[in-house]
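See structure below.
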Amino acid sequence: MNLRSWSRLGAVALLALVVQVAVLDQLVVHGAHPEVLVLLAAAAGAVAGSQRGAMIGFVIGLVADLVLPTPYGLSALTYVLVAFAAGGVRALPGDRDGRSLQVATCIAGAAGGTLCFAVLGDLLGQPGMLDRQGAVVVLVVTVGALVLAFPSVAALRWVVQGADRSVTGHAIPSGGSATR
Amino acid sequence: MLVLASITVLTLDYHGEVSHGITHIRNGVRDALSPVQRGISAALHPVGDVFAGAFHYGAVQSENRRLEQQLGKLQAAQAEGAFASRQAGAVLALAHLPFVANITSTPAEVISAPTSNFQYLLEIDRGTGAGVGPRMPVVSGRGLIGTVAVSSASTSTVRLVTDKSSSIGVTFGTAARAGNAIADGQGFAEPLSIQEISGPLPVLGETVFTSGTDGGAYPAGIPIARVTSVKTSAGGLTTTVNARPLVNLDTIQYVSVLEWLPQP
């Protein structure tokens, strides 16, 4: 990660935060709304791999925590785990850079991340994290992820390309290792 | 390492001074985002209503029927209304009901639905700059909505009565048959659970009010909910009482913050 990709990540995270707070929070279905930030964390893992993804997930989590009423750092911890796990699919055989695989990983990561957030929140003594409504939340976040996964993967590819471009002088497949 | 960093951040949030600093930063972010929230919220409110309507079509239809019936009754009662309101005004003035008479309030608009999927909070467009602060009760014309949890300069977060961490001392009944209890929030779309009842059981359809006795957390006499079920177990050992909030918390747009703080 270099300055260019960090600044791109900052821009993406800020834009996602505004979209989340101003738009997605208003689209409430059965008491739950879609989440774009957890999706970005999953996309980070799917696009950049476990280690870089976890780093990006940590930053996105810190940004998400700015507007949530839960303890500061809970989203950061969740997103690190989500991104790291999502990065695991890159170890699978086959076309690991295929966009469809990344999008699918992203959607699964968003669902898993929401569940993980609830479990960790419950462990930290937050009320109302694990109940029937939790299932509705996971469902709404997953359905929202079906729509938001493509732009999220595209945004994270753009962030990661910022790092790769500066090493090679030209774009390489996102998440790949760059050598001269 | 990042997991450790996250846990460190979490630990810091539980540390007094650092937590204060984090709250300060969070408030700054809320203030910075609030103009965008207000603008987009105003534009998107109809879209949100369409969403809510689409997913609750049956409920909207029955609500519509209920409102039509209510309108008919109201029209019939209109003639008596003026006289009744004069009487009510006189009674309220005599009784000095805190909900209506004694407490000044600050009107506010809801600018955001809950930011968390797991806690039931609303964001309103008034903060410390308008005299709104934590622990102040928030009401609408029909009753209690919740309490201010956090305030920045220009916005406040309201914890709804349905939130699982909400617990309110309530009273119900008449002077001859009064009871006290605790109303606990049970989460989204769930009724309040009426616990620790002392005195007679509430009856179906009865309204519960804040008692003002739970350490003075709320002024007495604010209507909260209507009793919707009273079930006693087969052996008669336990009774489960539920009550629906009087205010529709999903669609509320305007509220009043009572400038009232819990008594020490």
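Residues are named by chain letter and number: chains run A, B, ... in the order of the structure tokens, numbers start at 1 in each chain, and ligands are numbered from 1 in the order shown.
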Chain A residues within 9 Å of chain B, counting only C-alpha atoms: which ones, as a PyMOL selection string?
chain A and resi 18+20-23+25-35+54-55+58+62+65-78+80-81+118+126-131+133-134+137
In Å and to one decimal, atom CA of B:Tyr254 is distant from atom CA of B:Glu109 by 4.6 Å
Any idea what's packed within 9 Å of B:Ala243, counting only C-alpha atoms, ignoring anything in its chain fewer than 2 positions away? Could you give it as a PyMOL selection string?
chain B and resi 183+191-194+204-208+224-229+241+245-246
Using only C-alpha atoms for the distances, tell me which of A:Ala149, A:Leu115, A:Leu123, A:Leu156 is nearest to A:Leu101.
A:Ala149
re atom CA of B:Lys73 and atom CA of B:Arg142: distance 17.8 Å
Extract, using only C-alpha atoms, all DNA, RNA and protein residues at most 12 Å from A:Ser100, discarding same-chain residues fewer than 2 positions from it, and format them as JSON, numbers by chain.
{"A": [43, 46, 47, 95, 96, 97, 98, 102, 103, 104, 105, 106, 107, 146, 149, 150, 153, 154]}
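Each of B:Leu74, B:Val18, B:Ile252, B:Leu258 was compared to B:Leu160 using only C-alpha atoms, and B:Ile252 turns out to be the nearest.
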Find the residues around B:Ala178 up to 7 Å (only C-alpha atoms counted), leave out those fewer than 5 positions away in its own chain, and share them as JSON, numbers by chain.
{"B": [172, 173, 199, 200]}
Hey, what does DSSP flag as helix (DSSP H, G or I) within chain A? Can you give it to me as an MDAnalysis selection string?
chainID A and resid 3:22 24:26 37:48 50:65 74:91 99:123 132:168
Keeping only C-alpha atoms, write those residues as a tab-separated table (two decimals), in the first residue's frame.
```tsv
chain	number	residue	atom	x	y	z
A	3	LEU	CA	0.22	6.95	-0.63
A	4	ARG	CA	-1.86	6.76	-3.79
A	5	SER	CA	-3.79	3.70	-2.67
A	6	TRP	CA	-4.22	5.04	0.87
A	7	SER	CA	-5.70	8.25	-0.50
A	8	ARG	CA	-7.94	6.23	-2.81
A	9	LEU	CA	-9.00	4.11	0.16
A	10	GLY	CA	-9.74	7.28	2.15
A	11	ALA	CA	-11.92	8.62	-0.64
A	12	VAL	CA	-13.78	5.32	-1.06
A	13	ALA	CA	-14.33	4.91	2.69
A	14	LEU	CA	-15.58	8.48	3.07
A	15	LEU	CA	-17.94	8.17	0.12
A	16	ALA	CA	-19.22	4.84	1.44
A	17	LEU	CA	-19.79	6.39	4.87
A	18	VAL	CA	-21.85	9.22	3.38
A	19	VAL	CA	-23.85	6.79	1.23
A	20	GLN	CA	-24.44	4.58	4.26
A	21	VAL	CA	-25.58	7.35	6.59
A	22	ALA	CA	-27.52	9.45	4.13
A	24	LEU	CA	-28.84	3.23	3.00
A	25	ASP	CA	-29.80	3.93	6.61
A	26	GLN	CA	-33.11	5.31	5.31
A	37	LEU	CA	-19.07	-0.84	4.73
A	38	VAL	CA	-18.99	-4.50	5.72
A	39	LEU	CA	-19.31	-5.27	2.03
A	40	LEU	CA	-16.26	-3.14	1.27
A	41	ALA	CA	-14.30	-5.03	3.93
A	42	ALA	CA	-15.26	-8.35	2.34
A	43	ALA	CA	-14.41	-6.93	-1.09
A	44	ALA	CA	-11.00	-5.87	0.25
A	45	GLY	CA	-10.21	-9.46	1.18
A	46	ALA	CA	-11.58	-10.85	-2.07
A	47	VAL	CA	-9.63	-8.38	-4.21
A	48	ALA	CA	-6.42	-7.77	-2.26
A	50	SER	CA	-5.98	-11.82	3.28
A	51	GLN	CA	-3.19	-9.61	4.59
A	52	ARG	CA	-3.70	-6.42	2.61
A	53	GLY	CA	-7.45	-6.99	2.83
A	54	ALA	CA	-7.31	-7.18	6.62
A	55	MET	CA	-5.41	-3.90	6.71
A	56	ILE	CA	-8.00	-2.22	4.48
A	57	GLY	CA	-10.79	-3.83	6.52
A	58	PHE	CA	-9.31	-2.39	9.71
A	59	VAL	CA	-9.34	1.14	8.27
A	60	ILE	CA	-12.88	0.78	6.92
A	61	GLY	CA	-13.97	-0.58	10.31
A	62	LEU	CA	-12.53	2.43	12.13
A	63	VAL	CA	-14.47	4.67	9.75
A	64	ALA	CA	-17.69	2.69	10.28
A	65	ASP	CA	-17.27	2.92	14.05
A	74	LEU	CA	-16.02	-3.40	17.26
A	75	SER	CA	-16.48	-2.88	13.52
A	76	ALA	CA	-12.71	-2.68	13.02
A	77	LEU	CA	-12.25	-6.06	14.68
A	78	THR	CA	-15.14	-7.57	12.71
A	79	TYR	CA	-13.95	-6.20	9.39
A	80	VAL	CA	-10.38	-7.43	9.94
A	81	LEU	CA	-11.74	-10.94	10.45
A	82	VAL	CA	-14.15	-10.65	7.49
A	83	ALA	CA	-11.48	-9.38	5.10
A	84	PHE	CA	-8.98	-11.99	6.25
A	85	ALA	CA	-11.51	-14.77	5.77
A	86	ALA	CA	-12.63	-13.40	2.40
A	87	GLY	CA	-9.00	-13.33	1.32
A	88	GLY	CA	-8.90	-17.07	1.93
A	89	VAL	CA	-10.83	-17.72	-1.30
A	90	ARG	CA	-7.82	-16.47	-3.23
A	91	ALA	CA	-6.02	-19.61	-2.09
A	99	ARG	CA	-14.96	-10.86	-10.83
A	100	SER	CA	-17.84	-13.27	-10.26
A	101	LEU	CA	-15.88	-15.12	-7.57
A	102	GLN	CA	-14.98	-11.83	-5.91
A	103	VAL	CA	-18.60	-10.67	-5.97
A	104	ALA	CA	-19.81	-13.99	-4.54
A	105	THR	CA	-17.17	-13.82	-1.82
A	106	CYS	CA	-18.23	-10.28	-1.09
A	107	ILE	CA	-21.87	-11.26	-0.61
A	108	ALA	CA	-21.00	-14.22	1.61
A	109	GLY	CA	-18.57	-12.02	3.53
A	110	ALA	CA	-21.23	-9.38	4.16
A	111	ALA	CA	-23.60	-12.00	5.60
A	112	GLY	CA	-20.86	-13.60	7.68
A	113	GLY	CA	-19.56	-10.22	8.80
A	114	THR	CA	-22.98	-9.14	10.04
A	115	LEU	CA	-23.31	-12.33	12.03
A	116	CYS	CA	-19.76	-11.94	13.36
A	117	PHE	CA	-20.54	-8.34	14.42
A	118	ALA	CA	-23.58	-9.56	16.34
A	119	VAL	CA	-21.65	-12.35	18.08
A	120	LEU	CA	-18.75	-10.07	19.04
A	121	GLY	CA	-21.18	-7.38	20.19
A	122	ASP	CA	-22.97	-9.91	22.33
A	123	LEU	CA	-19.67	-11.01	23.84
A	132	ARG	CA	-34.75	-13.25	16.07
A	133	GLN	CA	-34.24	-9.83	14.52
A	134	GLY	CA	-30.61	-10.80	13.86
A	135	ALA	CA	-31.78	-13.23	11.18
A	136	VAL	CA	-33.75	-10.45	9.48
A	137	VAL	CA	-30.70	-8.19	9.60
A	138	VAL	CA	-28.48	-10.83	7.98
A	139	LEU	CA	-31.11	-11.40	5.28
A	140	VAL	CA	-31.53	-7.68	4.50
A	141	VAL	CA	-27.77	-7.10	4.44
A	142	THR	CA	-27.33	-10.09	2.11
A	143	VAL	CA	-30.05	-8.92	-0.27
A	144	GLY	CA	-28.57	-5.42	-0.22
A	145	ALA	CA	-25.16	-6.97	-0.94
A	146	LEU	CA	-26.54	-8.51	-4.15
A	147	VAL	CA	-26.98	-4.97	-5.46
A	148	LEU	CA	-23.98	-3.31	-3.86
A	149	ALA	CA	-21.35	-6.03	-4.38
A	150	PHE	CA	-20.46	-5.05	-7.96
A	151	PRO	CA	-19.70	-1.38	-7.21
A	152	SER	CA	-17.90	-2.42	-4.01
A	153	VAL	CA	-15.60	-4.82	-5.86
A	154	ALA	CA	-15.01	-2.20	-8.55
A	155	ALA	CA	-14.11	0.41	-5.91
A	156	LEU	CA	-11.71	-1.93	-4.15
A	157	ARG	CA	-10.08	-2.94	-7.44
A	158	TRP	CA	-9.50	0.75	-8.07
A	159	VAL	CA	-7.94	1.18	-4.60
A	160	VAL	CA	-5.69	-1.84	-5.00
A	161	GLN	CA	-4.67	-0.88	-8.53
A	162	GLY	CA	-3.37	2.37	-7.07
A	163	ALA	CA	-0.79	0.35	-5.16
A	164	ASP	CA	0.05	-2.08	-7.95
A	165	ARG	CA	0.37	0.58	-10.65
A	166	SER	CA	3.05	2.45	-8.71
A	167	VAL	CA	5.21	-0.71	-8.44
A	168	THR	CA	5.02	-1.90	-12.03
```
